[in-house]
file run.tsv (TSV, C-alpha atoms and all ligand atoms)
chain	number	residue	atom	x	y	z
A	1	MET	CA	14.26	-15.41	2.90
A	2	ASN	CA	11.73	-17.20	5.10
A	3	SER	CA	8.23	-18.06	3.88
A	4	ILE	CA	6.74	-14.77	5.06
A	5	GLN	CA	9.49	-12.66	3.46
A	6	ASN	CA	8.74	-14.48	0.25
A	7	ARG	CA	5.24	-13.08	0.26
A	8	ARG	CA	4.73	-9.93	-1.65
A	9	VAL	CA	3.08	-6.74	-0.50
A	10	LEU	CA	2.09	-3.94	-2.85
A	11	SER	CA	0.95	-0.45	-2.01
A	12	GLY	CA	0.92	2.94	-3.67
A	13	MET	CA	0.26	6.58	-3.04
A	14	ARG	CA	-0.80	9.37	-5.33
A	15	PRO	CA	1.77	12.11	-5.90
A	16	THR	CA	0.18	14.86	-3.87
A	17	GLY	CA	3.46	16.71	-3.20
A	18	ALA	CA	5.17	16.93	0.17
A	19	LEU	CA	3.49	14.51	2.59
A	20	HIS	CA	2.13	15.42	6.00
A	21	LEU	CA	2.03	13.68	9.35
A	22	GLY	CA	-1.42	12.25	8.54
A	23	ASN	CA	0.10	10.44	5.55
A	24	TYR	CA	2.96	9.21	7.72
A	25	HIS	CA	0.88	7.85	10.58
A	26	GLY	CA	-1.95	6.66	8.29
A	27	ALA	CA	0.17	4.55	5.93
A	28	LEU	CA	3.85	5.26	5.64
A	29	ARG	CA	4.88	4.27	9.14
A	30	ASN	CA	3.31	0.88	8.50
A	31	TRP	CA	5.19	0.51	5.19
A	32	VAL	CA	8.45	1.09	7.02
A	33	ASP	CA	7.68	-1.92	9.25
A	34	LEU	CA	6.38	-4.08	6.41
A	35	GLN	CA	9.52	-3.68	4.29
A	36	TYR	CA	11.44	-5.90	6.73
A	37	GLN	CA	8.72	-8.53	6.89
A	38	TYR	CA	7.68	-8.98	3.25
A	39	ASP	CA	8.89	-8.54	-0.30
A	40	CYS	CA	7.53	-5.01	-0.64
A	41	PHE	CA	6.81	-2.99	-3.77
A	42	PHE	CA	5.80	0.65	-3.22
A	43	PHE	CA	4.83	2.86	-6.12
A	44	VAL	CA	3.93	6.45	-6.86
A	45	ALA	CA	0.51	6.23	-8.50
A	46	ASP	CA	0.93	9.01	-11.05
A	47	TRP	CA	-1.61	7.61	-13.51
A	48	HIS	CA	-4.11	7.53	-10.66
A	49	ALA	CA	-3.42	11.20	-10.06
A	50	LEU	CA	-4.63	11.88	-13.60
A	51	THR	CA	-7.99	10.21	-12.99
A	52	THR	CA	-9.07	13.22	-10.91
A	53	GLY	CA	-6.40	15.80	-11.79
A	54	TYR	CA	-6.03	15.47	-15.55
A	55	GLU	CA	-6.52	19.18	-16.22
A	56	ASP	CA	-3.36	20.36	-14.53
A	57	THR	CA	-0.23	18.26	-14.76
A	58	GLY	CA	2.20	21.16	-14.33
A	59	SER	CA	3.29	20.14	-10.83
A	60	LEU	CA	3.07	16.39	-11.36
A	61	GLU	CA	6.81	15.82	-11.70
A	62	SER	CA	7.84	17.84	-8.66
A	63	ASN	CA	5.04	16.18	-6.67
A	64	VAL	CA	6.37	12.75	-7.60
A	65	TRP	CA	9.86	13.58	-6.34
A	66	GLU	CA	8.58	15.19	-3.15
A	67	VAL	CA	6.60	12.05	-2.33
A	68	VAL	CA	9.57	9.78	-2.92
A	69	LYS	CA	11.76	12.05	-0.81
A	70	ASP	CA	9.26	11.79	2.04
A	71	TRP	CA	9.15	8.00	1.72
A	72	LEU	CA	12.90	7.88	2.12
A	73	ALA	CA	12.74	10.44	4.92
A	74	ALA	CA	10.24	8.21	6.72
A	75	GLY	CA	12.70	5.32	6.60
A	76	LEU	CA	11.88	3.31	3.51
A	77	ASN	CA	15.08	1.52	2.70
A	78	PRO	CA	15.74	0.92	-1.01
A	79	GLY	CA	17.83	-2.11	0.00
A	80	ALA	CA	14.79	-3.67	1.64
A	81	CYS	CA	11.95	-2.70	-0.71
A	82	SER	CA	11.36	-1.59	-4.30
A	83	ILE	CA	10.30	2.00	-4.90
A	84	PHE	CA	9.02	2.86	-8.37
A	85	ILE	CA	6.77	5.07	-10.46
A	86	GLN	CA	3.65	3.51	-11.95
A	87	SER	CA	3.85	5.13	-15.41
A	88	HIS	CA	7.43	3.89	-15.81
A	89	VAL	CA	6.18	0.32	-15.74
A	90	PRO	CA	3.85	0.40	-18.76
A	91	GLU	CA	2.70	-3.15	-18.02
A	92	HIS	CA	0.24	-1.56	-15.55
A	93	ALA	CA	-1.57	-0.05	-18.53
A	94	GLU	CA	-1.33	-3.24	-20.55
A	95	LEU	CA	-2.90	-5.38	-17.84
A	96	HIS	CA	-5.50	-2.71	-17.14
A	97	LEU	CA	-6.53	-2.81	-20.80
A	98	LEU	CA	-6.80	-6.60	-20.85
A	99	LEU	CA	-8.77	-6.68	-17.62
A	100	SER	CA	-11.11	-4.00	-18.93
A	101	MET	CA	-12.23	-6.52	-21.58
A	102	ILE	CA	-13.55	-8.95	-18.96
A	103	THR	CA	-14.79	-6.60	-16.24
A	104	PRO	CA	-18.54	-6.07	-16.18
A	105	LEU	CA	-19.41	-2.39	-16.11
A	106	GLY	CA	-21.71	-2.93	-13.14
A	107	TRP	CA	-18.77	-3.98	-10.95
A	108	LEU	CA	-17.17	-0.57	-11.43
A	109	GLU	CA	-20.38	1.40	-11.00
A	110	ARG	CA	-21.00	-0.47	-7.73
A	111	VAL	CA	-17.66	0.53	-6.14
A	112	PRO	CA	-18.78	2.57	-3.09
A	113	SER	CA	-16.22	5.33	-3.54
A	114	TYR	CA	-17.30	6.03	-7.14
A	115	LYS	CA	-20.48	7.97	-6.35
A	116	ASP	CA	-19.01	9.43	-3.12
A	117	GLN	CA	-16.05	10.93	-4.94
A	118	ILE	CA	-18.16	12.31	-7.77
A	119	GLU	CA	-20.20	14.15	-5.11
A	120	GLN	CA	-17.17	15.25	-3.09
A	121	LEU	CA	-15.29	16.52	-6.12
A	122	SER	CA	-18.31	18.17	-7.72
A	123	ASP	CA	-16.13	21.04	-9.01
A	124	LYS	CA	-14.40	18.61	-11.38
A	125	ASP	CA	-15.79	16.84	-14.40
A	126	LEU	CA	-15.33	13.21	-13.43
A	127	GLY	CA	-17.68	11.80	-16.02
A	128	THR	CA	-14.65	10.27	-17.70
A	129	TYR	CA	-13.75	6.77	-18.74
A	130	GLY	CA	-10.51	7.00	-16.71
A	131	PHE	CA	-12.29	7.90	-13.49
A	132	LEU	CA	-14.83	5.09	-13.75
A	133	GLY	CA	-11.96	2.69	-14.45
A	134	TYR	CA	-9.61	3.76	-11.65
A	135	PRO	CA	-10.55	0.86	-9.33
A	136	LEU	CA	-9.73	-1.48	-12.20
A	137	LEU	CA	-6.37	0.23	-12.65
A	138	GLN	CA	-5.83	-0.42	-8.94
A	139	SER	CA	-6.67	-4.07	-9.50
A	140	ALA	CA	-4.17	-4.24	-12.36
A	141	ASP	CA	-1.54	-2.61	-10.09
A	142	ILE	CA	-1.99	-5.37	-7.52
A	143	LEU	CA	-2.42	-8.34	-9.84
A	144	LEU	CA	0.59	-7.38	-11.97
A	145	TYR	CA	2.90	-8.18	-9.05
A	146	ARG	CA	1.01	-11.25	-7.85
A	147	ALA	CA	0.87	-9.47	-4.52
A	148	GLN	CA	-0.41	-11.71	-1.74
A	149	TYR	CA	-1.11	-8.79	0.57
A	150	VAL	CA	-2.36	-5.26	0.18
A	151	PRO	CA	-2.13	-3.04	3.27
A	152	VAL	CA	-5.33	-1.02	3.40
A	153	GLY	CA	-7.65	0.73	5.79
A	154	GLU	CA	-11.33	-0.31	6.14
A	155	ASP	CA	-12.42	2.08	3.37
A	156	GLN	CA	-10.35	0.25	0.75
A	157	VAL	CA	-11.49	-3.30	1.51
A	158	ALA	CA	-14.17	-3.20	-1.23
A	159	HIS	CA	-11.50	-2.41	-3.84
A	160	VAL	CA	-9.43	-5.42	-2.84
A	161	GLU	CA	-12.55	-7.60	-2.90
A	162	MET	CA	-13.22	-6.47	-6.47
A	163	THR	CA	-9.62	-7.30	-7.35
A	164	ARG	CA	-10.17	-10.83	-6.05
A	165	GLU	CA	-13.31	-11.18	-8.17
A	166	ILE	CA	-11.44	-10.00	-11.25
A	167	ALA	CA	-8.58	-12.44	-10.62
A	168	ARG	CA	-11.08	-15.29	-10.22
A	169	ARG	CA	-12.85	-14.32	-13.43
A	170	PHE	CA	-9.58	-14.10	-15.33
A	171	ASN	CA	-8.31	-17.43	-14.00
A	172	HIS	CA	-11.62	-19.07	-14.77
A	173	LEU	CA	-11.58	-17.80	-18.36
A	174	PHE	CA	-7.92	-18.32	-19.16
A	175	GLY	CA	-6.45	-20.63	-16.52
A	176	ARG	CA	-6.67	-23.89	-18.39
A	177	GLU	CA	-3.22	-24.89	-19.49
A	178	SER	CA	-2.98	-27.79	-21.88
A	179	ASP	CA	0.60	-28.51	-20.77
A	180	LEU	CA	0.00	-27.97	-17.04
A	181	GLU	CA	1.19	-31.46	-16.10
A	182	GLN	CA	4.57	-30.98	-17.84
A	183	LYS	CA	5.00	-27.55	-16.25
A	184	VAL	CA	4.21	-28.98	-12.82
A	185	GLN	CA	6.80	-31.70	-13.33
A	186	ARG	CA	9.39	-29.10	-14.37
A	187	ALA	CA	8.57	-27.04	-11.28
A	188	LEU	CA	8.91	-30.13	-9.06
A	189	LYS	CA	12.39	-30.72	-10.45
A	190	GLN	CA	13.37	-27.32	-9.08
A	191	LEU	CA	12.51	-28.59	-5.61
A	192	GLY	CA	14.83	-31.58	-5.73
A	193	SER	CA	13.66	-35.18	-5.48
A	194	ARG	CA	13.28	-35.33	-1.70
A	195	THR	CA	11.04	-32.26	-1.37
A	196	ALA	CA	9.17	-33.15	-4.57
A	197	GLY	CA	8.45	-36.61	-3.08
A	198	GLN	CA	7.11	-35.04	0.11
A	199	TYR	CA	4.96	-32.66	-1.95
A	200	GLU	CA	3.46	-35.54	-3.95
A	201	ALA	CA	2.78	-37.58	-0.79
A	202	LEU	CA	1.02	-34.67	0.91
A	203	ARG	CA	-0.97	-33.87	-2.23
A	204	LYS	CA	-2.11	-37.48	-2.50
A	205	LYS	CA	-3.15	-37.52	1.16
A	206	TYR	CA	-5.17	-34.36	0.67
A	207	GLN	CA	-6.78	-35.35	-2.61
A	208	GLU	CA	-7.58	-38.94	-1.59
A	209	LYS	CA	-8.45	-38.47	2.08
A	210	GLY	CA	-9.30	-34.77	2.25
A	211	ASP	CA	-6.64	-34.26	4.94
A	212	ALA	CA	-6.55	-30.48	5.40
A	213	GLY	CA	-3.39	-30.70	7.52
A	214	SER	CA	-1.51	-32.21	4.57
A	215	LEU	CA	-2.75	-29.41	2.34
A	216	ASP	CA	-1.50	-26.79	4.81
A	217	LYS	CA	1.90	-28.50	5.13
A	218	ALA	CA	2.33	-28.74	1.36
A	219	ARG	CA	1.29	-25.12	0.93
A	220	LEU	CA	3.86	-23.97	3.48
A	221	MET	CA	6.51	-26.05	1.78
A	222	VAL	CA	5.81	-24.50	-1.63
A	223	GLU	CA	5.37	-20.94	-0.36
A	224	GLY	CA	8.61	-21.05	1.58
A	225	ASP	CA	10.79	-22.43	-1.19
A	226	ALA	CA	12.94	-19.70	-2.72
A	227	ARG	CA	14.00	-21.98	-5.59
A	228	LEU	CA	10.59	-21.60	-7.23
A	229	SER	CA	9.58	-18.70	-9.44
A	230	LEU	CA	6.31	-17.04	-8.48
A	231	ALA	CA	4.57	-18.62	-11.49
A	232	ASP	CA	5.79	-22.11	-10.58
A	233	ARG	CA	4.81	-21.59	-6.97
A	234	GLU	CA	1.28	-20.67	-8.04
A	235	ARG	CA	1.18	-23.64	-10.39
A	236	LEU	CA	2.13	-26.05	-7.61
A	237	LEU	CA	-0.38	-24.46	-5.24
A	238	SER	CA	-3.20	-24.86	-7.79
A	239	HIS	CA	-2.08	-28.40	-8.56
A	240	LEU	CA	-2.34	-29.29	-4.87
A	241	GLU	CA	-6.05	-28.57	-4.87
A	242	GLY	CA	-6.63	-29.99	-8.33
A	243	THR	CA	-7.91	-26.67	-9.67
A	244	GLY	CA	-6.87	-24.94	-12.88
A	245	ARG	CA	-3.85	-22.75	-13.03
A	246	THR	CA	-3.79	-19.58	-11.03
A	247	ILE	CA	-2.39	-16.95	-13.33
A	248	LEU	CA	-3.46	-13.95	-11.32
A	249	VAL	CA	-3.18	-14.32	-7.57
A	250	GLU	CA	-6.09	-13.28	-5.38
A	251	PRO	CA	-4.70	-10.77	-2.90
A	252	GLN	CA	-5.55	-10.69	0.78
A	253	VAL	CA	-6.25	-7.56	2.73
A	254	LEU	CA	-3.61	-6.70	5.30
A	255	LEU	CA	-5.78	-4.58	7.56
A	256	THR	CA	-3.62	-1.93	9.07
A	257	PRO	CA	-4.32	0.21	12.08
A	258	THR	CA	-4.74	3.69	10.63
A	259	PRO	CA	-5.01	6.18	13.45
A	260	LYS	CA	-6.87	9.25	12.26
A	261	LEU	CA	-4.48	12.06	12.93
A	262	PRO	CA	-6.34	15.24	13.78
A	263	GLY	CA	-5.29	18.28	11.81
A	264	LEU	CA	-4.60	21.67	13.30
A	265	ASP	CA	-8.32	22.50	13.35
A	266	GLY	CA	-9.40	19.19	14.90
A	267	ARG	CA	-10.75	17.73	11.64
A	268	LYS	CA	-8.89	14.86	9.95
A	269	MET	CA	-5.47	16.06	8.78
A	270	SER	CA	-5.80	16.68	5.06
A	271	LYS	CA	-4.27	18.97	2.47
A	272	SER	CA	-7.72	19.93	1.24
A	273	TYR	CA	-8.56	21.36	4.69
A	274	GLY	CA	-5.26	23.28	4.90
A	275	ASN	CA	-4.71	21.93	8.43
A	276	THR	CA	-1.51	19.93	8.03
A	277	ILE	CA	1.98	19.69	9.43
A	278	ALA	CA	4.35	18.62	6.68
A	279	MET	CA	6.72	15.75	7.36
A	280	ARG	CA	9.69	18.04	6.71
A	281	GLU	CA	8.22	21.23	8.14
A	282	GLU	CA	10.60	23.78	9.75
A	283	PRO	CA	10.71	23.04	13.52
A	284	ASP	CA	9.87	26.68	14.39
A	285	GLU	CA	6.84	26.49	12.14
A	286	VAL	CA	5.74	23.24	13.83
A	287	ALA	CA	5.92	24.94	17.22
A	288	ARG	CA	4.04	27.99	15.93
A	289	LYS	CA	1.27	25.86	14.41
A	290	LEU	CA	0.82	23.70	17.50
A	291	LYS	CA	0.85	26.68	19.85
A	292	ALA	CA	-2.00	28.19	17.80
A	293	MET	CA	-3.99	24.96	17.74
A	294	PRO	CA	-7.46	25.24	19.33
A	295	THR	CA	-8.11	23.41	22.60
A	296	ASP	CA	-11.21	22.44	24.59
A	297	PRO	CA	-13.56	25.38	23.81
A	298	ALA	CA	-14.76	25.34	27.44
A	299	ARG	CA	-11.28	26.41	28.63
A	300	VAL	CA	-11.57	30.09	27.98
A	301	ARG	CA	-9.37	31.26	30.87
A	302	ARG	CA	-6.34	29.61	32.42
A	303	THR	CA	-8.39	29.01	35.58
A	304	ASP	CA	-11.19	27.12	33.75
A	305	PRO	CA	-10.90	23.34	34.06
A	306	GLY	CA	-10.89	21.46	30.73
A	307	ASP	CA	-11.70	18.04	29.34
A	308	PRO	CA	-9.00	16.27	27.29
A	309	ASP	CA	-11.72	14.21	25.55
A	310	LYS	CA	-13.02	17.42	23.99
A	311	CYS	CA	-9.59	18.73	23.00
A	312	PRO	CA	-8.00	18.03	19.58
A	313	VAL	CA	-4.55	18.64	21.06
A	314	PHE	CA	-5.05	15.67	23.31
A	315	ASP	CA	-5.84	13.45	20.31
A	316	LEU	CA	-2.29	14.21	19.19
A	317	HIS	CA	-0.98	13.46	22.68
A	318	ARG	CA	-2.57	9.99	22.37
A	319	LEU	CA	-0.26	9.32	19.45
A	320	TYR	CA	2.87	11.07	20.63
A	321	THR	CA	2.99	11.14	24.41
A	322	PRO	CA	3.76	8.29	26.83
A	323	GLU	CA	0.91	7.13	29.03
A	324	ASP	CA	2.33	8.38	32.35
A	325	THR	CA	2.81	11.90	30.98
A	326	ARG	CA	-0.69	11.81	29.51
A	327	ALA	CA	-2.11	10.87	32.91
A	328	ARG	CA	-0.33	13.84	34.48
A	329	LEU	CA	-1.60	16.21	31.77
A	330	THR	CA	-5.16	14.90	32.08
A	331	GLU	CA	-5.11	15.56	35.80
A	332	GLY	CA	-3.64	19.03	35.25
A	333	CYS	CA	-6.23	19.88	32.58
A	334	LYS	CA	-9.23	18.71	34.59
A	335	THR	CA	-8.14	20.62	37.70
A	336	ALA	CA	-6.87	23.69	35.84
A	337	GLY	CA	-3.51	22.86	37.42
A	338	ILE	CA	-1.72	23.45	34.13
A	339	GLY	CA	-2.30	25.81	31.25
A	340	CYS	CA	-2.64	24.80	27.60
A	341	ILE	CA	0.80	26.19	26.70
A	342	GLU	CA	2.39	23.92	29.31
A	343	CYS	CA	0.29	20.97	28.12
A	344	LYS	CA	1.38	21.48	24.52
A	345	LYS	CA	5.09	21.62	25.38
A	346	PRO	CA	5.82	17.82	25.45
A	347	LEU	CA	3.73	17.42	22.28
A	348	ILE	CA	5.72	20.08	20.44
A	349	ASP	CA	8.96	18.42	21.58
A	350	ALA	CA	7.81	14.99	20.36
A	351	VAL	CA	6.58	16.23	16.97
A	352	VAL	CA	9.73	18.31	16.42
A	353	SER	CA	11.90	15.33	17.29
A	354	GLU	CA	10.00	13.14	14.80
A	355	ILE	CA	10.23	15.77	12.08
A	356	THR	CA	13.92	16.37	12.76
A	357	ALA	CA	14.61	12.69	12.09
A	358	PHE	CA	12.76	12.98	8.75
A	359	ARG	CA	14.62	16.15	7.84
A	360	ASP	CA	17.98	14.57	8.68
A	361	ARG	CA	17.27	11.54	6.52
A	362	ALA	CA	16.01	13.66	3.61
A	363	ARG	CA	19.10	15.89	3.63
A	364	GLU	CA	21.25	13.24	1.97
A	365	PHE	CA	18.80	13.09	-0.95
A	366	GLU	CA	18.32	16.85	-1.16
A	367	ASP	CA	22.08	17.30	-1.45
A	368	SER	CA	22.34	14.88	-4.36
A	369	PRO	CA	19.17	14.58	-6.46
A	370	ASP	CA	20.83	11.88	-8.58
A	371	LEU	CA	20.69	9.55	-5.62
A	372	ILE	CA	16.92	9.65	-5.47
A	373	ARG	CA	16.64	9.15	-9.24
A	374	ASN	CA	18.90	6.13	-9.01
A	375	VAL	CA	16.79	4.63	-6.23
A	376	VAL	CA	13.68	4.98	-8.37
A	377	ARG	CA	15.42	3.82	-11.54
A	378	GLU	CA	16.52	0.66	-9.79
A	379	GLY	CA	13.06	0.16	-8.28
A	380	CYS	CA	11.46	0.58	-11.72
A	381	GLU	CA	13.77	-2.09	-13.13
A	382	LYS	CA	12.89	-4.56	-10.40
A	383	ALA	CA	9.22	-3.79	-10.81
A	384	ARG	CA	9.40	-4.20	-14.59
A	385	ASP	CA	11.11	-7.56	-14.21
A	386	ALA	CA	8.29	-8.81	-12.03
A	387	ALA	CA	5.65	-7.17	-14.23
A	388	ARG	CA	7.09	-8.62	-17.43
A	389	ARG	CA	7.05	-12.11	-15.93
A	390	THR	CA	3.37	-11.79	-15.10
A	391	MET	CA	2.52	-10.30	-18.49
A	392	ALA	CA	4.33	-13.12	-20.29
A	393	GLU	CA	2.06	-15.60	-18.48
A	394	VAL	CA	-1.02	-13.45	-19.00
A	395	THR	CA	-0.36	-12.98	-22.72
A	396	GLU	CA	0.25	-16.67	-23.16
A	397	ALA	CA	-2.88	-17.60	-21.20
A	398	VAL	CA	-5.03	-15.27	-23.28
A	399	GLY	CA	-3.49	-16.77	-26.43
A	400	MET	CA	-1.78	-13.65	-27.75
A	401	ASP	CA	1.88	-14.68	-27.64
A	402	TYR	CA	2.06	-14.87	-31.42
A	403	LEU	CA	5.75	-14.22	-31.89
B	501	LIG	S1	-4.71	21.51	29.04
B	501	LIG	FE1	-4.18	20.26	27.29
B	501	LIG	S2	-5.87	18.81	27.08
B	501	LIG	FE2	-6.56	20.47	28.39
B	501	LIG	S3	-7.61	21.88	27.00
B	501	LIG	FE3	-5.47	22.58	27.23
B	501	LIG	S4	-4.38	21.62	25.56
B	501	LIG	FE4	-6.32	20.56	25.77

call {"tool": "encode", "arguments": {"input": "run.tsv", "output": "structure tokens", "more": "lines below"}}
Ligand code: SF4
result
Amino acid sequence: MNSIQNRRVLSGMRPTGALHLGNYHGALRNWVDLQYQYDCFFFVADWHALTTGYEDTGSLESNVWEVVKDWLAAGLNPGACSIFIQSHVPEHAELHLLLSMITPLGWLERVPSYKDQIEQLSDKDLGTYGFLGYPLLQSADILLYRAQYVPVGEDQVAHVEMTREIARRFNHLFGRESDLEQKVQRALKQLGSRTAGQYEALRKKYQEKGDAGSLDKARLMVEGDARLSLADRERLLSHLEGTGRTILVEPQVLLTPTPKLPGLDGRKMSKSYGNTIAMREEPDEVARKLKAMPTDPARVRRTDPGDPDKCPVFDLHRLYTPEDTRARLTEGCKTAGIGCIECKKPLIDAVVSEITAFRDRAREFEDSPDLIRNVVREGCEKARDAARRTMAEVTEAVGMDYL
């Protein structure tokens, strides 16, 4: 593993049932790339689903499996990332509880999405403790894995910022280790005498002369060393700057391009609008839906020229169709040289080809449901290992490791 692969990424999705192309292009496609660049943990956020959908849990289980199936269909590779279910790693709840003790209520009430969602979901009673606390549960999800990066869109940046504040508060309250020096020395032994000597020299240069270059070099050295456990790595990083121990790692935002995929009615693709194409939709159904999709309203007759900028179909072309074909279609639309059926043809082909790849990959898991359960079981074990390590440190730091 190189130093980047050593860095951990965490992301989750609520179990909403079979995913659609908006989910794929908005998040999942990016996960597929990230799994080969970082140490990735992806989880089904089933406890989060309860924060707004606690009244009906009848379809929760099937929704969980559908989501995992779509992740695998998209190309998540269980050999390259860990896939797990949040409620099967109870440490999420444990850390959430501990963090709830130190989180000022105002921080949660200030989260921008809190009031928005209460308004948007006015048909549900969201005056619950669980709903107010869901951003804190998200923070616990991230901090439990000492994730350095969280891939999010712009609308989630405030949640990650709150997570950073909570980590800082926790570290400030509980990050003073009486035996830090001994633990640092033990960690240095893991590095071997040569690297440990270089680390000490760089640290001295930074602390005595304020040489930022030395700090960067030492950081890279520590971050890239696979011999260190995550806790020891954090200890050595804190020691470099002469601060207390970092028990919970402040995550960084990994801003990801999230193209808004238009749904079949031109609004954002979303299950609540009923305008989706499922990732594993029947190809004939895909063609039927796209053929019926509205176009530029000004193009009433075949002979009327149109404007691709006013056509939701063309928004899909921007995602699916190569530039030279798009130029040809634009010309044809503006001059009424082509009809909408002809324009939609390459789009239908591209979407069907994408969906066919998903369907082919999913078939293996549909044929043997045990396979998917084993993937998740293994992912849960890996996640629990990491979570237990963090909780051991957290419990010790808080002073509750009585036995
Ligand atoms: S020709 Fe294409 S871009 Fe133009 S209105 Fe029809 S579907 Fe839309």

call {"tool": "closest_atom_pairs", "arguments": {"input": "run.tsv", "of": "chain A", "to": "ligand LIG 501 (chain B)", "cutoff": "10 Å", "atoms": "all atoms listed in the file", "output": "tab-separated table"}}
result
residue	atom	partner	partner_atom	distance
A:Leu290	CA	B:LIG501	S4	9.8
A:Lys291	CA	B:LIG501	S4	9.2
A:Met293	CA	B:LIG501	S4	8.5
A:Pro294	CA	B:LIG501	S4	7.8
A:Thr295	CA	B:LIG501	FE4	4.6
A:Asp296	CA	B:LIG501	S3	4.4
A:Pro297	CA	B:LIG501	S3	7.6
A:Ala298	CA	B:LIG501	S3	8.0
A:Arg299	CA	B:LIG501	S3	6.1
A:Val300	CA	B:LIG501	S3	9.2
A:Arg302	CA	B:LIG501	FE3	8.8
A:Asp304	CA	B:LIG501	S3	9.3
A:Pro305	CA	B:LIG501	FE2	7.7
A:Gly306	CA	B:LIG501	S3	5.0
A:Asp307	CA	B:LIG501	FE2	5.8
A:Pro308	CA	B:LIG501	S2	4.0
A:Asp309	CA	B:LIG501	S2	7.6
A:Lys310	CA	B:LIG501	FE4	7.6
A:Cys311	CA	B:LIG501	FE4	4.7
A:Pro312	CA	B:LIG501	FE4	6.9
A:Val313	CA	B:LIG501	FE4	5.4
A:Phe314	CA	B:LIG501	S2	5.0
A:Asp315	CA	B:LIG501	S2	8.6
A:Leu316	CA	B:LIG501	S2	9.8
A:His317	CA	B:LIG501	S2	8.5
A:Arg326	CA	B:LIG501	S2	9.0
A:Leu329	CA	B:LIG501	FE1	6.6
A:Thr330	CA	B:LIG501	S2	6.4
A:Glu331	CA	B:LIG501	FE2	9.0
A:Gly332	CA	B:LIG501	S1	6.8
A:Cys333	CA	B:LIG501	S1	4.2
A:Lys334	CA	B:LIG501	FE2	7.0
A:Thr335	CA	B:LIG501	S1	9.4
A:Ala336	CA	B:LIG501	S1	7.5
A:Gly337	CA	B:LIG501	S1	8.6
A:Ile338	CA	B:LIG501	S1	6.2
A:Gly339	CA	B:LIG501	S1	5.4
A:Cys340	CA	B:LIG501	FE3	3.6
A:Ile341	CA	B:LIG501	S4	7.0
A:Glu342	CA	B:LIG501	S1	7.5
A:Cys343	CA	B:LIG501	FE1	4.6
A:Lys344	CA	B:LIG501	S4	5.9
A:Lys345	CA	B:LIG501	S4	9.5
A:Leu347	CA	B:LIG501	S4	9.7

call {"tool": "closest_atom_pairs", "arguments": {"input": "run.tsv", "of": "segment 35-137 of chain A", "to": "segment 359-381 of chain A", "cutoff": "10 Å", "atoms": "all atoms listed in the file", "output": "CSV"}}
result
residue,atom,partner,partner_atom,distance
A:Phe41,CA,A:Gly379,CA,8.3
A:Phe42,CA,A:Gly379,CA,8.9
A:Phe43,CA,A:Gly379,CA,8.9
A:Val44,CA,A:Val376,CA,10.0
A:Trp65,CA,A:Ile372,CA,8.1
A:Val68,CA,A:Ile372,CA,7.8
A:Lys69,CA,A:Ala362,CA,6.3
A:Asp70,CA,A:Ala362,CA,7.2
A:Trp71,CA,A:Ala362,CA,9.1
A:Leu72,CA,A:Ala362,CA,6.7
A:Ala73,CA,A:Ala362,CA,4.8
A:Ala74,CA,A:Arg361,CA,7.8
A:Gly75,CA,A:Arg361,CA,7.7
A:Asn77,CA,A:Val375,CA,9.6
A:Pro78,CA,A:Val375,CA,6.5
A:Gly79,CA,A:Val375,CA,9.2
A:Cys81,CA,A:Gly379,CA,8.2
A:Ser82,CA,A:Gly379,CA,4.7
A:Ile83,CA,A:Gly379,CA,4.7
A:Phe84,CA,A:Cys380,CA,4.7
A:Ile85,CA,A:Cys380,CA,6.6
A:Gln86,CA,A:Cys380,CA,8.3
A:Ser87,CA,A:Cys380,CA,9.6
A:His88,CA,A:Cys380,CA,6.6
A:Val89,CA,A:Cys380,CA,6.6

call {"tool": "closest_residue", "arguments": {"input": "run.tsv", "among": "A:Pro283, A:Gly242, A:Pro112, A:Gly130", "to": "Glu208 of chain A", "atoms": "only C-alpha atoms"}}
result
A:Gly242

call {"tool": "atom_distance", "arguments": {"input": "run.tsv", "atom1": "atom CA of Arg245 of chain A", "atom2": "atom CA of Gly175 of chain A"}}
result
4.8 Å

call {"tool": "residues_near_point", "arguments": {"input": "run.tsv", "point": "(-5.1, -34.9, -3.6)", "cutoff": "10 Å", "atoms": "all atoms listed in the file", "output": "PDB file with C-alpha atoms, keeping the file's coordinate frame"}}
result
ATOM      1  CA  GLU A 200       3.460 -35.540  -3.950  1.00  0.00           C
ATOM      2  CA  ALA A 201       2.780 -37.580  -0.790  1.00  0.00           C
ATOM      3  CA  LEU A 202       1.020 -34.670   0.910  1.00  0.00           C
ATOM      4  CA  ARG A 203      -0.970 -33.870  -2.230  1.00  0.00           C
ATOM      5  CA  LYS A 204      -2.110 -37.480  -2.500  1.00  0.00           C
ATOM      6  CA  LYS A 205      -3.150 -37.520   1.160  1.00  0.00           C
ATOM      7  CA  TYR A 206      -5.170 -34.360   0.670  1.00  0.00           C
ATOM      8  CA  GLN A 207      -6.780 -35.350  -2.610  1.00  0.00           C
ATOM      9  CA  GLU A 208      -7.580 -38.940  -1.590  1.00  0.00           C
ATOM     10  CA  LYS A 209      -8.450 -38.470   2.080  1.00  0.00           C
ATOM     11  CA  GLY A 210      -9.300 -34.770   2.250  1.00  0.00           C
ATOM     12  CA  ASP A 211      -6.640 -34.260   4.940  1.00  0.00           C
ATOM     13  CA  SER A 214      -1.510 -32.210   4.570  1.00  0.00           C
ATOM     14  CA  LEU A 215      -2.750 -29.410   2.340  1.00  0.00           C
ATOM     15  CA  HIS A 239      -2.080 -28.400  -8.560  1.00  0.00           C
ATOM     16  CA  LEU A 240      -2.340 -29.290  -4.870  1.00  0.00           C
ATOM     17  CA  GLU A 241      -6.050 -28.570  -4.870  1.00  0.00           C
ATOM     18  CA  GLY A 242      -6.630 -29.990  -8.330  1.00  0.00           C
TER      19      GLY A 242
END
